[in-house]
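Participant: Questions regarding the structure given below will be posed in turn.
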Amino acid sequence: KAQLKRLGFALDWSRELATCEPDYYGQEQALFLDLYKAGLVYRKESAVNWDPVDMTVLANEQVIDGRGWRSGALVEKRKLNQWFLKITQFADELLAGLGELKNWPEKVRLMQENWIGKSQGLRCTFRFVDSSDGIEVYTTRPDTMFGASFVAIAADHPFARKMAESVPELADFIAECKQGGTTAAELETAEKKGFNTGYSVEHPLKKSWHLPVYVANFVLMDYGTGAVFGCPAHDQRDLDFARKYELPVTRVVAEGDETDPVFHGNEAYTGPGRIVNSEWLDGMTIDEAKADIIAKAAHEGWGQAETQYRLRDWGVSRQRYWGTPIPFIHCADCGVVPVPKSQLPVTLPEDVDFKTPGNPLLRHPTWRHVDCPQCGKAAERETDTLDTFVDSSWYFLRFASQPSDRPFDPEVIKQWLPVEQYIGGIEHAILHLLYARFWTRALNHIGLIDVKEPFASLFTQGMVTHETYSRIDPANGQPIYFSPAEVERGGETAKLKADGQPVEIGRVIKMSKSKKNVVDPD
């Protein structure tokens with residue numbers, strides 16, 4: 001703050017706020033309860049990204065290359081009861097709204113469009129051989145069905161879980177799958193692994209054609225149906241998998257004269273072309289073949305058209321102290337009960353233990369013990385806190401209007417919003433910017449504000465960068481970072497001033513507190 005003042009910025013310091021203060025996060029709790037009342041907040045057990053170093057859940061957007069965005073630790077999969085915001089309910093709105101944001105960089109709009117990931121496809125059933133039961137598959141490429149060579153299901157698919165009860169090897173494989181992250185990007189880059197269940201399914205278009213069923217580590221249970229058919233020639237994941245397990249690879253899309261059904265090489269063809277080696281579909285465009293197969297599936301009763309989104313509901317539970325306490329109470333008799341607004345803010349205790357890993361709120365001797373607001377019996381507070389990205393999803397509204405008795409005055413918001421010129425880093429494209437757009441639309445949806453889009457114009461400035469300096473901690477294998485002020489450079493090497501021992505020089509990346517690669521403006 002002193003540095004900003006010294007630079008002479010014309011800022012209105014009377015509007016300054018801190019999201020970690022109860023007068024801010026108490027109003028956030030009130031908004032969260034409003035969204036809950038409107039059906040936009042729910043709690044369920046879900047497979048989540050677990051950071052074993054920070055010991056908390058991460059949203060998909062916070063997993064970068066399979067690692068926690070803060071700790072850098074390899075993320076694991078776990079099943080936990082979590083709080084979610086229904087961002088998927090606004091998927092179409094958020095997608096359509098991008099078209100109105102003419103003064104946003106095209107690359108940011110494209111990144112959000114891809115993250116929402118709307119796709120038209122076919123949901124169909126591959127029936128087990130000699131059985132009326134089957135596996136439901138969702139595919140965005142029904143045009144490639146004649147190139148199918150296997151069906152793959154997620155590790156937590158009901159069929160896989162049931163089979164694992166009597167097959168220890170499968171149970172071990174499922175446990176191994178849970179070591180990886182849960183994001184689509186993570187699964188794209190991970191080694192493709194599968195477990196052959198020994199079961200086969202009939203191809204819907206040719207009953208005599210039987211395909212093996214695998215449990216695979218690259219299939220997500222929460223996308224589509226948790227099952228896919230593999231067409232290796234035209235999907236890189238499927239091709240990697242097929243080459244590993246020596247499965248057939250048949251070309252069914254070709255550009256030009258290349259129509260040989262035997263597909264060579266280790267790079268899938270995902271470009272445009274005409275359908276080949278697919279009986280009556282031969283010669284059709286990809287879109288014509290998609291429409292033909294979907295119509296045939298609907299007519300014959302083995303499938304129907306369906307729209308899917310890559311976007312998932314926003315898991316906002318975090319198992320850490322720093323965050324807004326989620327305003328709910330767990331009662332043995334009444335279940336999960338909202339904290340009455342008259343009892344807000346639910347404030348964080350200040351006598352907490354940070355020495356022991358894990359959530360200090362869960363271990364606190366008194367804070368979580370409270371009477372149920374409905375029946376008066378002994379109950380417990382929710383010890384999860386909100387993802388801090390929730391705090392930054394509406395702060396611009398509080399900048400504009402800061403009444404003491406409510407989050408904001410809608411009449412004042414009407415004068416100030418949308419923000420005419422917003423400046424921020426490109427790293428916020430599918431985190432803060434998407435969340436802020438959702439939060440604004442959600443508040444509009446429940447009638448609290450008139451505006452739907454928070455930021456009319458967006459400018460993404462460049463990054464202030466510096467190389468990093470680190471050593472690996474022998475105790476846990478994690479890097480320990482040092483600031484430039486602590487390091488002495490000498491040509492291509494560097495050493496720590498404190499002990500004269502070498503440190504590793506890392507690549508030039510944006511300055512950040514976690515990497516300590518910061519040169520102080522002073």
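Simple scheme: letters A, B, ... for chains in structure tokens order, numbers from 1 for residues in each chain, numbers from 1 for ligands in the order shown.
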Excluding segment 336-341 of chain A and its own-chain neighbours fewer than 2 positions away, which residues fall within 12 Å of it when counting only C-alpha atoms? Please give them as an MDAnalysis selection string.
Facilitator: chainID A and resid 26:37 41:44 83 325:334 343:346 370:376 379:382 405:406
Participant: What's the 6 Å shell around Val213 of chain A, counting only C-alpha atoms, without same-chain residues fewer than 2 positions away, as a list in words?
Facilitator: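 Here the qualifying residues turn out to be Val151, Ala152, Thr197, Tyr199 and Ser200 of chain A.
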Participant: Check segment 234-383 of chain A with DSSP on the backbone and list each residue it calls strand (DSSP E), as JSON, numbers by chain.
Facilitator: {"A": [253, 254, 274, 275, 303, 304, 305, 306, 307, 308, 314, 315, 317, 318, 328, 329, 330, 331, 335, 336, 337, 338, 369, 370, 371, 378, 379, 380, 381]}
Participant: Counting only C-alpha atoms, what is within 7 Å of Thr385 of chain A, bar same-chain residues fewer than 2 positions away, as a PDB file with N, CA, C and O atoms, in the first residue's frame?
Facilitator:
```pdb
ATOM      1  N   SER A 317     -15.477 -26.395  -1.508  1.00  0.00           N
ATOM      2  CA  SER A 317     -15.005 -26.786  -0.171  1.00  0.00           C
ATOM      3  C   SER A 317     -13.490 -26.828  -0.127  1.00  0.00           C
ATOM      4  O   SER A 317     -12.856 -27.415  -1.010  1.00  0.00           O
ATOM      5  N   ARG A 318     -12.902 -26.232   0.912  1.00  0.00           N
ATOM      6  CA  ARG A 318     -11.468 -26.332   1.119  1.00  0.00           C
ATOM      7  C   ARG A 318     -11.218 -26.722   2.577  1.00  0.00           C
ATOM      8  O   ARG A 318     -11.878 -26.212   3.487  1.00  0.00           O
ATOM      9  N   GLN A 319     -10.259 -27.622   2.798  1.00  0.00           N
ATOM     10  CA  GLN A 319      -9.975 -28.127   4.144  1.00  0.00           C
ATOM     11  C   GLN A 319      -8.816 -27.342   4.740  1.00  0.00           C
ATOM     12  O   GLN A 319      -7.763 -27.874   5.033  1.00  0.00           O
ATOM     13  N   ARG A 320      -9.015 -26.020   4.874  1.00  0.00           N
ATOM     14  CA  ARG A 320      -7.949 -25.186   5.427  1.00  0.00           C
ATOM     15  C   ARG A 320      -8.562 -23.999   6.162  1.00  0.00           C
ATOM     16  O   ARG A 320      -9.727 -23.665   5.992  1.00  0.00           O
ATOM     17  N   TYR A 321      -7.734 -23.380   6.954  1.00  0.00           N
ATOM     18  CA  TYR A 321      -8.182 -22.274   7.808  1.00  0.00           C
ATOM     19  C   TYR A 321      -8.486 -21.010   7.012  1.00  0.00           C
ATOM     20  O   TYR A 321      -9.494 -20.355   7.236  1.00  0.00           O
ATOM     21  N   GLY A 323     -10.012 -18.968   4.693  1.00  0.00           N
ATOM     22  CA  GLY A 323     -11.161 -18.962   3.807  1.00  0.00           C
ATOM     23  C   GLY A 323     -12.401 -18.608   4.605  1.00  0.00           C
ATOM     24  O   GLY A 323     -12.382 -18.600   5.837  1.00  0.00           O
ATOM     25  N   THR A 324     -13.463 -18.324   3.911  1.00  0.00           N
ATOM     26  CA  THR A 324     -14.725 -17.988   4.567  1.00  0.00           C
ATOM     27  C   THR A 324     -15.363 -19.252   5.142  1.00  0.00           C
ATOM     28  O   THR A 324     -15.593 -20.204   4.398  1.00  0.00           O
ATOM     29  N   PRO A 325     -15.655 -19.279   6.452  1.00  0.00           N
ATOM     30  CA  PRO A 325     -16.345 -20.456   7.001  1.00  0.00           C
ATOM     31  C   PRO A 325     -17.685 -20.681   6.290  1.00  0.00           C
ATOM     32  O   PRO A 325     -18.460 -19.739   6.109  1.00  0.00           O
ATOM     33  N   ILE A 326     -17.918 -21.903   5.842  1.00  0.00           N
ATOM     34  CA  ILE A 326     -19.174 -22.214   5.152  1.00  0.00           C
ATOM     35  C   ILE A 326     -20.293 -22.222   6.204  1.00  0.00           C
ATOM     36  O   ILE A 326     -20.220 -22.976   7.175  1.00  0.00           O
ATOM     37  N   THR A 383     -16.690 -27.480   9.026  1.00  0.00           N
ATOM     38  CA  THR A 383     -15.296 -27.044   9.200  1.00  0.00           C
ATOM     39  C   THR A 383     -14.591 -26.755   7.871  1.00  0.00           C
ATOM     40  O   THR A 383     -13.461 -26.262   7.876  1.00  0.00           O
ATOM     41  N   ASP A 387     -13.419 -21.857  -1.039  1.00  0.00           N
ATOM     42  CA  ASP A 387     -12.306 -21.539  -1.930  1.00  0.00           C
ATOM     43  C   ASP A 387     -12.151 -20.014  -1.970  1.00  0.00           C
ATOM     44  O   ASP A 387     -13.133 -19.284  -2.109  1.00  0.00           O
TER      45      ASP A 387
END
```
Participant: DSSP on the backbone, then: every residue of segment 58-243 of chain A marked helix (DSSP H, G or I), written as number ranges by chain.
Facilitator: A: 60-62, 87-98, 106-116, 142-147, 158-164, 168-177, 184-189, 232-234, 236-243
Participant: Hey, what's within 6 Å of segment 259-270 of chain A if we count only C-alpha atoms and toss same-chain stuff fewer than 4 positions away? As a VMD selection string, please?
Facilitator: chain A and resid 233 to 236 249 to 251
Participant: Those selected residues, please, written with N, CA, C and O atoms and delivered as a CSV table (one decimal), in the first residue's frame.
Facilitator:
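Done, and the output landed in again12.csv:
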```csv
chain,number,residue,atom,x,y,z
A,233,ALA,N,-7.7,-44.8,-34.6
A,233,ALA,CA,-7.1,-44.1,-35.7
A,233,ALA,C,-7.4,-42.6,-35.6
A,233,ALA,O,-6.7,-41.8,-36.2
A,234,HIS,N,-8.4,-42.2,-34.9
A,234,HIS,CA,-8.8,-40.8,-34.9
A,234,HIS,C,-9.0,-40.1,-33.6
A,234,HIS,O,-9.7,-39.2,-33.4
A,235,ASP,N,-8.3,-40.7,-32.6
A,235,ASP,CA,-8.2,-40.1,-31.2
A,235,ASP,C,-6.9,-40.5,-30.6
A,235,ASP,O,-6.6,-41.7,-30.5
A,236,GLN,N,-6.1,-39.5,-30.2
A,236,GLN,CA,-4.7,-39.8,-29.7
A,236,GLN,C,-4.7,-40.7,-28.5
A,236,GLN,O,-3.9,-41.6,-28.4
A,249,VAL,N,-6.5,-51.1,-35.2
A,249,VAL,CA,-6.6,-49.6,-35.5
A,249,VAL,C,-7.0,-49.5,-37.0
A,249,VAL,O,-6.3,-49.8,-37.9
A,250,THR,N,-8.3,-49.1,-37.1
A,250,THR,CA,-8.9,-49.0,-38.5
A,250,THR,C,-9.2,-47.6,-38.9
A,250,THR,O,-9.9,-46.9,-38.2
A,251,ARG,N,-8.7,-47.2,-40.1
A,251,ARG,CA,-9.0,-45.9,-40.6
A,251,ARG,C,-10.4,-45.8,-41.1
A,251,ARG,O,-10.9,-46.6,-41.9
```
Participant: Can you tell me, as a list of chain:residue names, what residues are no more than 12 Å from Asp292 of chain A when counting only C-alpha atoms, ignoring any on the same chain fewer than 5 positions away?
Facilitator: A:Leu122, A:Arg141, A:Pro142, A:Asp143, A:Thr144, A:Met145, A:Ile275, A:Trp280, A:Leu281, A:Asp282, A:Met284, A:Thr285, A:Ile286, A:Asp287, A:Ala297, A:Ala298, A:His299, A:Gln304, A:Ala305
Participant: Take the selection from the previous step and output its residues with C-alpha atoms, as a PDB file, in the first residue's frame.
Facilitator:
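So the final result, stored in part_25.pdb, reads:
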```pdb
ATOM      1  CA  LEU A 122     -24.664 -39.606 -29.153  1.00  0.00           C
ATOM      2  CA  ARG A 141     -17.711 -38.786 -32.776  1.00  0.00           C
ATOM      3  CA  PRO A 142     -20.478 -41.232 -33.735  1.00  0.00           C
ATOM      4  CA  ASP A 143     -19.202 -40.900 -37.319  1.00  0.00           C
ATOM      5  CA  THR A 144     -16.225 -43.104 -36.354  1.00  0.00           C
ATOM      6  CA  MET A 145     -18.206 -46.038 -34.956  1.00  0.00           C
ATOM      7  CA  ILE A 275     -15.822 -41.319 -44.217  1.00  0.00           C
ATOM      8  CA  TRP A 280     -23.138 -47.088 -46.243  1.00  0.00           C
ATOM      9  CA  LEU A 281     -21.465 -44.058 -44.611  1.00  0.00           C
ATOM     10  CA  ASP A 282     -18.590 -44.121 -47.136  1.00  0.00           C
ATOM     11  CA  MET A 284     -20.143 -38.754 -46.383  1.00  0.00           C
ATOM     12  CA  THR A 285     -18.665 -35.751 -44.609  1.00  0.00           C
ATOM     13  CA  ILE A 286     -18.022 -36.081 -40.861  1.00  0.00           C
ATOM     14  CA  ASP A 287     -21.119 -33.985 -40.029  1.00  0.00           C
ATOM     15  CA  ALA A 297     -29.744 -44.916 -33.302  1.00  0.00           C
ATOM     16  CA  ALA A 298     -32.912 -43.011 -32.376  1.00  0.00           C
ATOM     17  CA  HIS A 299     -34.995 -44.880 -34.984  1.00  0.00           C
ATOM     18  CA  GLN A 304     -30.242 -40.687 -28.840  1.00  0.00           C
ATOM     19  CA  ALA A 305     -28.692 -37.257 -29.427  1.00  0.00           C
TER      20      ALA A 305
END
```
Participant: For Gly198 of chain A, which residue among A:Val412, A:Val276, A:Val167, A:Ala175 is the nearest when counting only C-alpha atoms?
Facilitator: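 Selected residue with least distance to Gly198 of chain A: A:Val167.
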Participant: So what do you get for atom CA of Glu106 of chain A versus atom CA of Pro454 of chain A, distance-wise?
Facilitator: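 It comes out at 17.4 Å.
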Participant: Tell me which of A:Leu170, A:Leu98, A:Met163, A:Leu85 sits closest to Arg437 of chain A, counting only C-alpha atoms.
Facilitator: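 Smallest distance to Arg437 of chain A is found for A:Leu98.
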Participant: Would you kindly return, as a ChimeraX atom specification, each protein, DNA or RNA residue with an atom no farther than 12 Å from any atom of Phe126 of chain A, considering only C-alpha atoms and excluding same-chain residues fewer than 6 positions away?
Facilitator: /A:132-138,145,148,150-153,199-207,209-213,227-229,297,302-303
Participant: Tell me, as a PyMOL selection string, which residues lie within 8 Å of Val451 of chain A, counting only C-alpha atoms; anything in the same chain fewer than 6 positions away does not count.
Facilitator: chain A and resi 414+417-418+440-441+444
Participant: Counting only C-alpha atoms, which residue out of A:Trp104, A:Leu496, A:Arg274, A:Asp92 sits closest to Leu458 of chain A?
Facilitator: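 Ranking A:Trp104, A:Leu496, A:Arg274, A:Asp92 by distance to Leu458 of chain A, first place goes to A:Trp104.
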